[in-house]
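This is model-v7.txt. It holds compact mmCIF, N, CA and C atoms.
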```txt
# COMPACT_ATOMS: atom_id res chain seq x y z
N MET U 21 11.57 -6.63 17.82
CA MET U 21 11.00 -7.56 16.87
C MET U 21 11.73 -7.40 15.54
N PRO U 22 12.26 -8.48 14.98
CA PRO U 22 12.95 -8.38 13.70
C PRO U 22 11.95 -8.08 12.58
N PRO U 23 12.42 -7.38 11.55
CA PRO U 23 11.50 -7.07 10.45
C PRO U 23 11.08 -8.33 9.71
N SER U 24 9.86 -8.32 9.23
CA SER U 24 9.36 -9.46 8.47
C SER U 24 9.94 -9.43 7.06
N GLU U 25 9.73 -10.49 6.33
CA GLU U 25 10.18 -10.54 4.94
C GLU U 25 9.51 -9.42 4.13
N LEU U 26 8.22 -9.20 4.39
CA LEU U 26 7.50 -8.15 3.67
C LEU U 26 8.08 -6.78 4.00
N ASP U 27 8.38 -6.55 5.27
CA ASP U 27 9.01 -5.28 5.66
C ASP U 27 10.34 -5.10 4.92
N ALA U 28 11.11 -6.15 4.84
CA ALA U 28 12.41 -6.08 4.16
C ALA U 28 12.22 -5.77 2.67
N ARG U 29 11.22 -6.38 2.06
CA ARG U 29 10.97 -6.11 0.64
C ARG U 29 10.48 -4.68 0.44
N LEU U 30 9.66 -4.18 1.36
CA LEU U 30 9.21 -2.79 1.29
C LEU U 30 10.39 -1.83 1.40
N LEU U 31 11.26 -2.08 2.36
CA LEU U 31 12.43 -1.22 2.54
C LEU U 31 13.32 -1.24 1.30
N ALA U 32 13.50 -2.42 0.72
CA ALA U 32 14.32 -2.53 -0.48
C ALA U 32 13.68 -1.78 -1.65
N ALA U 33 12.38 -1.89 -1.80
CA ALA U 33 11.69 -1.19 -2.89
C ALA U 33 11.78 0.32 -2.70
N HIS U 34 11.68 0.78 -1.45
CA HIS U 34 11.85 2.21 -1.19
C HIS U 34 13.28 2.64 -1.52
N ALA U 35 14.25 1.85 -1.13
CA ALA U 35 15.65 2.19 -1.38
C ALA U 35 15.93 2.28 -2.89
N GLU U 36 15.26 1.44 -3.66
CA GLU U 36 15.45 1.42 -5.11
C GLU U 36 14.48 2.36 -5.84
N ASP U 37 13.57 2.98 -5.09
CA ASP U 37 12.52 3.83 -5.66
C ASP U 37 11.76 3.08 -6.75
N ASP U 38 11.43 1.83 -6.47
CA ASP U 38 10.73 0.95 -7.40
C ASP U 38 9.23 1.10 -7.19
N ARG U 39 8.64 2.06 -7.88
CA ARG U 39 7.23 2.40 -7.67
C ARG U 39 6.28 1.24 -7.97
N PRO U 40 6.43 0.52 -9.07
CA PRO U 40 5.52 -0.62 -9.30
C PRO U 40 5.59 -1.65 -8.17
N ALA U 41 6.80 -1.92 -7.69
CA ALA U 41 6.94 -2.87 -6.58
C ALA U 41 6.29 -2.32 -5.32
N LEU U 42 6.44 -1.02 -5.08
CA LEU U 42 5.84 -0.42 -3.89
C LEU U 42 4.32 -0.56 -3.91
N ILE U 43 3.72 -0.35 -5.05
CA ILE U 43 2.26 -0.51 -5.14
C ILE U 43 1.89 -1.94 -4.80
N ASN U 44 2.56 -2.90 -5.42
CA ASN U 44 2.27 -4.31 -5.15
C ASN U 44 2.49 -4.67 -3.69
N LEU U 45 3.59 -4.21 -3.14
CA LEU U 45 3.92 -4.58 -1.76
C LEU U 45 2.97 -3.95 -0.75
N TYR U 46 2.57 -2.70 -0.98
CA TYR U 46 1.62 -2.08 -0.06
C TYR U 46 0.25 -2.74 -0.16
N ILE U 47 -0.14 -3.18 -1.35
CA ILE U 47 -1.39 -3.94 -1.48
C ILE U 47 -1.26 -5.26 -0.74
N GLU U 48 -0.14 -5.92 -0.91
CA GLU U 48 0.10 -7.18 -0.19
C GLU U 48 0.05 -6.97 1.31
N ALA U 49 0.67 -5.90 1.78
CA ALA U 49 0.67 -5.60 3.21
C ALA U 49 -0.76 -5.35 3.70
N ALA U 50 -1.55 -4.63 2.91
CA ALA U 50 -2.95 -4.38 3.28
C ALA U 50 -3.72 -5.69 3.36
N ASP U 51 -3.48 -6.58 2.42
CA ASP U 51 -4.19 -7.86 2.39
C ASP U 51 -3.86 -8.75 3.58
N THR U 52 -2.68 -8.54 4.17
CA THR U 52 -2.26 -9.40 5.28
C THR U 52 -2.24 -8.67 6.62
N ALA U 53 -2.71 -7.42 6.63
CA ALA U 53 -2.67 -6.62 7.86
C ALA U 53 -3.57 -7.22 8.94
N ALA U 54 -3.16 -7.04 10.17
CA ALA U 54 -3.87 -7.62 11.31
C ALA U 54 -5.06 -6.78 11.75
N THR U 55 -5.07 -5.49 11.41
CA THR U 55 -6.15 -4.61 11.85
C THR U 55 -6.66 -3.78 10.67
N GLU U 56 -7.87 -3.27 10.83
CA GLU U 56 -8.43 -2.40 9.80
C GLU U 56 -7.62 -1.12 9.68
N GLU U 57 -7.12 -0.63 10.80
CA GLU U 57 -6.30 0.58 10.78
C GLU U 57 -5.04 0.36 9.94
N ALA U 58 -4.40 -0.77 10.13
CA ALA U 58 -3.19 -1.07 9.35
C ALA U 58 -3.55 -1.26 7.88
N THR U 59 -4.67 -1.91 7.60
CA THR U 59 -5.11 -2.08 6.22
C THR U 59 -5.27 -0.73 5.55
N GLY U 60 -5.93 0.20 6.23
CA GLY U 60 -6.12 1.54 5.69
C GLY U 60 -4.80 2.26 5.47
N PHE U 61 -3.89 2.11 6.40
CA PHE U 61 -2.57 2.73 6.29
C PHE U 61 -1.86 2.25 5.02
N TYR U 62 -1.81 0.93 4.84
CA TYR U 62 -1.11 0.37 3.69
C TYR U 62 -1.81 0.71 2.38
N LEU U 63 -3.16 0.66 2.37
CA LEU U 63 -3.88 1.00 1.14
C LEU U 63 -3.67 2.46 0.77
N THR U 64 -3.60 3.33 1.76
CA THR U 64 -3.36 4.74 1.48
C THR U 64 -2.01 4.92 0.79
N HIS U 65 -1.00 4.21 1.27
CA HIS U 65 0.32 4.29 0.63
C HIS U 65 0.25 3.73 -0.80
N ALA U 66 -0.41 2.59 -0.96
CA ALA U 66 -0.54 2.01 -2.30
C ALA U 66 -1.25 2.99 -3.23
N TYR U 67 -2.27 3.65 -2.72
CA TYR U 67 -3.04 4.60 -3.52
C TYR U 67 -2.18 5.78 -3.97
N VAL U 68 -1.42 6.34 -3.06
CA VAL U 68 -0.56 7.48 -3.41
C VAL U 68 0.46 7.07 -4.48
N PHE U 69 1.11 5.94 -4.30
CA PHE U 69 2.08 5.49 -5.30
C PHE U 69 1.39 5.18 -6.63
N ALA U 70 0.19 4.61 -6.59
CA ALA U 70 -0.54 4.32 -7.83
C ALA U 70 -0.91 5.61 -8.55
N LEU U 71 -1.35 6.61 -7.80
CA LEU U 71 -1.67 7.90 -8.42
C LEU U 71 -0.45 8.51 -9.07
N GLU U 72 0.67 8.51 -8.35
CA GLU U 72 1.90 9.09 -8.87
C GLU U 72 2.37 8.38 -10.14
N ALA U 73 2.14 7.07 -10.19
CA ALA U 73 2.61 6.28 -11.32
C ALA U 73 1.59 6.24 -12.47
N GLY U 74 0.40 6.76 -12.24
CA GLY U 74 -0.63 6.66 -13.25
C GLY U 74 -1.11 5.23 -13.42
N ASP U 75 -1.01 4.44 -12.36
CA ASP U 75 -1.37 3.03 -12.38
C ASP U 75 -2.89 2.88 -12.37
N ALA U 76 -3.40 2.03 -13.23
CA ALA U 76 -4.85 1.82 -13.36
C ALA U 76 -5.50 1.29 -12.07
N ARG U 77 -4.70 0.70 -11.20
CA ARG U 77 -5.27 0.16 -9.95
C ARG U 77 -5.67 1.24 -8.96
N ALA U 78 -5.29 2.49 -9.23
CA ALA U 78 -5.63 3.57 -8.31
C ALA U 78 -7.13 3.65 -8.07
N ALA U 79 -7.94 3.46 -9.10
CA ALA U 79 -9.40 3.53 -8.95
C ALA U 79 -9.91 2.44 -8.02
N ASP U 80 -9.38 1.23 -8.16
CA ASP U 80 -9.82 0.13 -7.29
C ASP U 80 -9.37 0.35 -5.85
N ILE U 81 -8.18 0.86 -5.68
CA ILE U 81 -7.68 1.13 -4.33
C ILE U 81 -8.52 2.22 -3.68
N LYS U 82 -8.84 3.26 -4.45
CA LYS U 82 -9.69 4.33 -3.92
C LYS U 82 -11.04 3.77 -3.51
N ALA U 83 -11.61 2.90 -4.32
CA ALA U 83 -12.91 2.30 -3.98
C ALA U 83 -12.83 1.56 -2.65
N CYS U 84 -11.74 0.87 -2.41
CA CYS U 84 -11.56 0.17 -1.12
C CYS U 84 -11.48 1.18 0.02
N LEU U 85 -10.76 2.27 -0.20
CA LEU U 85 -10.63 3.29 0.83
C LEU U 85 -11.96 3.97 1.10
N VAL U 86 -12.76 4.20 0.08
CA VAL U 86 -14.09 4.77 0.25
C VAL U 86 -14.96 3.81 1.05
N GLU U 87 -14.91 2.54 0.71
CA GLU U 87 -15.69 1.53 1.43
C GLU U 87 -15.30 1.49 2.91
N MET U 88 -14.03 1.73 3.18
CA MET U 88 -13.56 1.74 4.57
C MET U 88 -13.83 3.09 5.26
N LYS U 89 -14.44 4.02 4.52
CA LYS U 89 -14.73 5.36 4.99
C LYS U 89 -13.45 6.15 5.30
N ARG U 90 -12.42 5.90 4.49
CA ARG U 90 -11.15 6.61 4.62
C ARG U 90 -10.94 7.60 3.48
N ASP U 91 -11.91 7.64 2.57
CA ASP U 91 -11.89 8.60 1.46
C ASP U 91 -13.34 8.82 1.05
N THR U 92 -13.55 9.83 0.23
CA THR U 92 -14.91 10.13 -0.23
C THR U 92 -14.97 10.09 -1.73
```
In structure tokens, write the structure found in this file.
Amino acid sequence: MPPSELDARLLAAHAEDDRPALINLYIEAADTAATEEATGFYLTHAYVFALEAGDARAADIKACLVEMKRDT
């Protein structure tokens, strides 16, 4: 299966170490994920990058993860 446009943008952001883009892209991936498991996976990545960057969205992402019972 060829990579999607979102996958390509994620790979490019990783290659450039573009943390703000990674947060946005992982949130976007979570919003469009086909399963709850995938949503949790992507939100966890967004959360880690948000924490590392000191991004204010970390609290909202954590709240989503708590609601999904993936964090406490």
A straight line from atom N of Ala83 (chain U) to atom C of Ala58 (chain U) spans 15.2 Å
So that I can see what lies close to region 78-81 of chain U, please list as a PyMOL selection string the residues with an atom at most 7 Å from it, counting all atoms listed in the file and leaving out residues fewer than 5 positions away in the same chain. chain U and resi 63+66-67+70-71+86
Extract, using only C-alpha atoms, all DNA, RNA and protein residues at most 12 Å from region 51-54 of chain U, discarding same-chain residues fewer than 6 positions from it, and format them as a PyMOL selection string. chain U and resi 26-27+44-45+60-63+66+81+84
Limited to N, CA and C atoms, could you put the picked residues into a file as a PDB file, keeping the file's coordinate frame?
```
ATOM      1  N   LEU U  26       8.220  -9.200   4.390  1.00  0.00           N
ATOM      2  CA  LEU U  26       7.500  -8.150   3.670  1.00  0.00           C
ATOM      3  C   LEU U  26       8.080  -6.780   4.000  1.00  0.00           C
ATOM      4  N   ASP U  27       8.380  -6.550   5.270  1.00  0.00           N
ATOM      5  CA  ASP U  27       9.010  -5.280   5.660  1.00  0.00           C
ATOM      6  C   ASP U  27      10.340  -5.100   4.920  1.00  0.00           C
ATOM      7  N   ASN U  44       2.560  -2.900  -5.420  1.00  0.00           N
ATOM      8  CA  ASN U  44       2.270  -4.310  -5.150  1.00  0.00           C
ATOM      9  C   ASN U  44       2.490  -4.670  -3.690  1.00  0.00           C
ATOM     10  N   LEU U  45       3.590  -4.210  -3.140  1.00  0.00           N
ATOM     11  CA  LEU U  45       3.920  -4.580  -1.760  1.00  0.00           C
ATOM     12  C   LEU U  45       2.970  -3.950  -0.750  1.00  0.00           C
ATOM     13  N   GLY U  60      -5.930   0.200   6.230  1.00  0.00           N
ATOM     14  CA  GLY U  60      -6.120   1.540   5.690  1.00  0.00           C
ATOM     15  C   GLY U  60      -4.800   2.260   5.470  1.00  0.00           C
ATOM     16  N   PHE U  61      -3.890   2.110   6.400  1.00  0.00           N
ATOM     17  CA  PHE U  61      -2.570   2.730   6.290  1.00  0.00           C
ATOM     18  C   PHE U  61      -1.860   2.250   5.020  1.00  0.00           C
ATOM     19  N   TYR U  62      -1.810   0.930   4.840  1.00  0.00           N
ATOM     20  CA  TYR U  62      -1.110   0.370   3.690  1.00  0.00           C
ATOM     21  C   TYR U  62      -1.810   0.710   2.380  1.00  0.00           C
ATOM     22  N   LEU U  63      -3.160   0.660   2.370  1.00  0.00           N
ATOM     23  CA  LEU U  63      -3.880   1.000   1.140  1.00  0.00           C
ATOM     24  C   LEU U  63      -3.670   2.460   0.770  1.00  0.00           C
ATOM     25  N   ALA U  66      -0.410   2.590  -0.960  1.00  0.00           N
ATOM     26  CA  ALA U  66      -0.540   2.010  -2.300  1.00  0.00           C
ATOM     27  C   ALA U  66      -1.250   2.990  -3.230  1.00  0.00           C
ATOM     28  N   ILE U  81      -8.180   0.860  -5.680  1.00  0.00           N
ATOM     29  CA  ILE U  81      -7.680   1.130  -4.330  1.00  0.00           C
ATOM     30  C   ILE U  81      -8.520   2.220  -3.680  1.00  0.00           C
ATOM     31  N   CYS U  84     -11.740   0.870  -2.410  1.00  0.00           N
ATOM     32  CA  CYS U  84     -11.560   0.170  -1.120  1.00  0.00           C
ATOM     33  C   CYS U  84     -11.480   1.180   0.020  1.00  0.00           C
TER      34      CYS U  84
END
```
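Put simply, atom N of Leu31 (chain U) is 15.8 Å away from atom N of Thr64 (chain U).
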Dig up all the protein and nucleic acid residues within 7 Å of (7.0, -0.3, -3.6) in the file frame, using only N, CA and C atoms, and format them as a list in words. Arg29, Leu30, Ala33, His34, Asp37, Asp38, Arg39, Pro40, Ala41, Leu42, Ile43, Asn44, Leu45 and Tyr46 of chain U
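Going from atom C of Glu56 (chain U) to CA of Thr92 (chain U) covers 16.7 Å.
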Could you find all residues in chain U that DSSP calls helix (DSSP H, G or I) from the backbone, and write them as a ChimeraX atom specification? /U:25-36,39-52,56-73,78-87
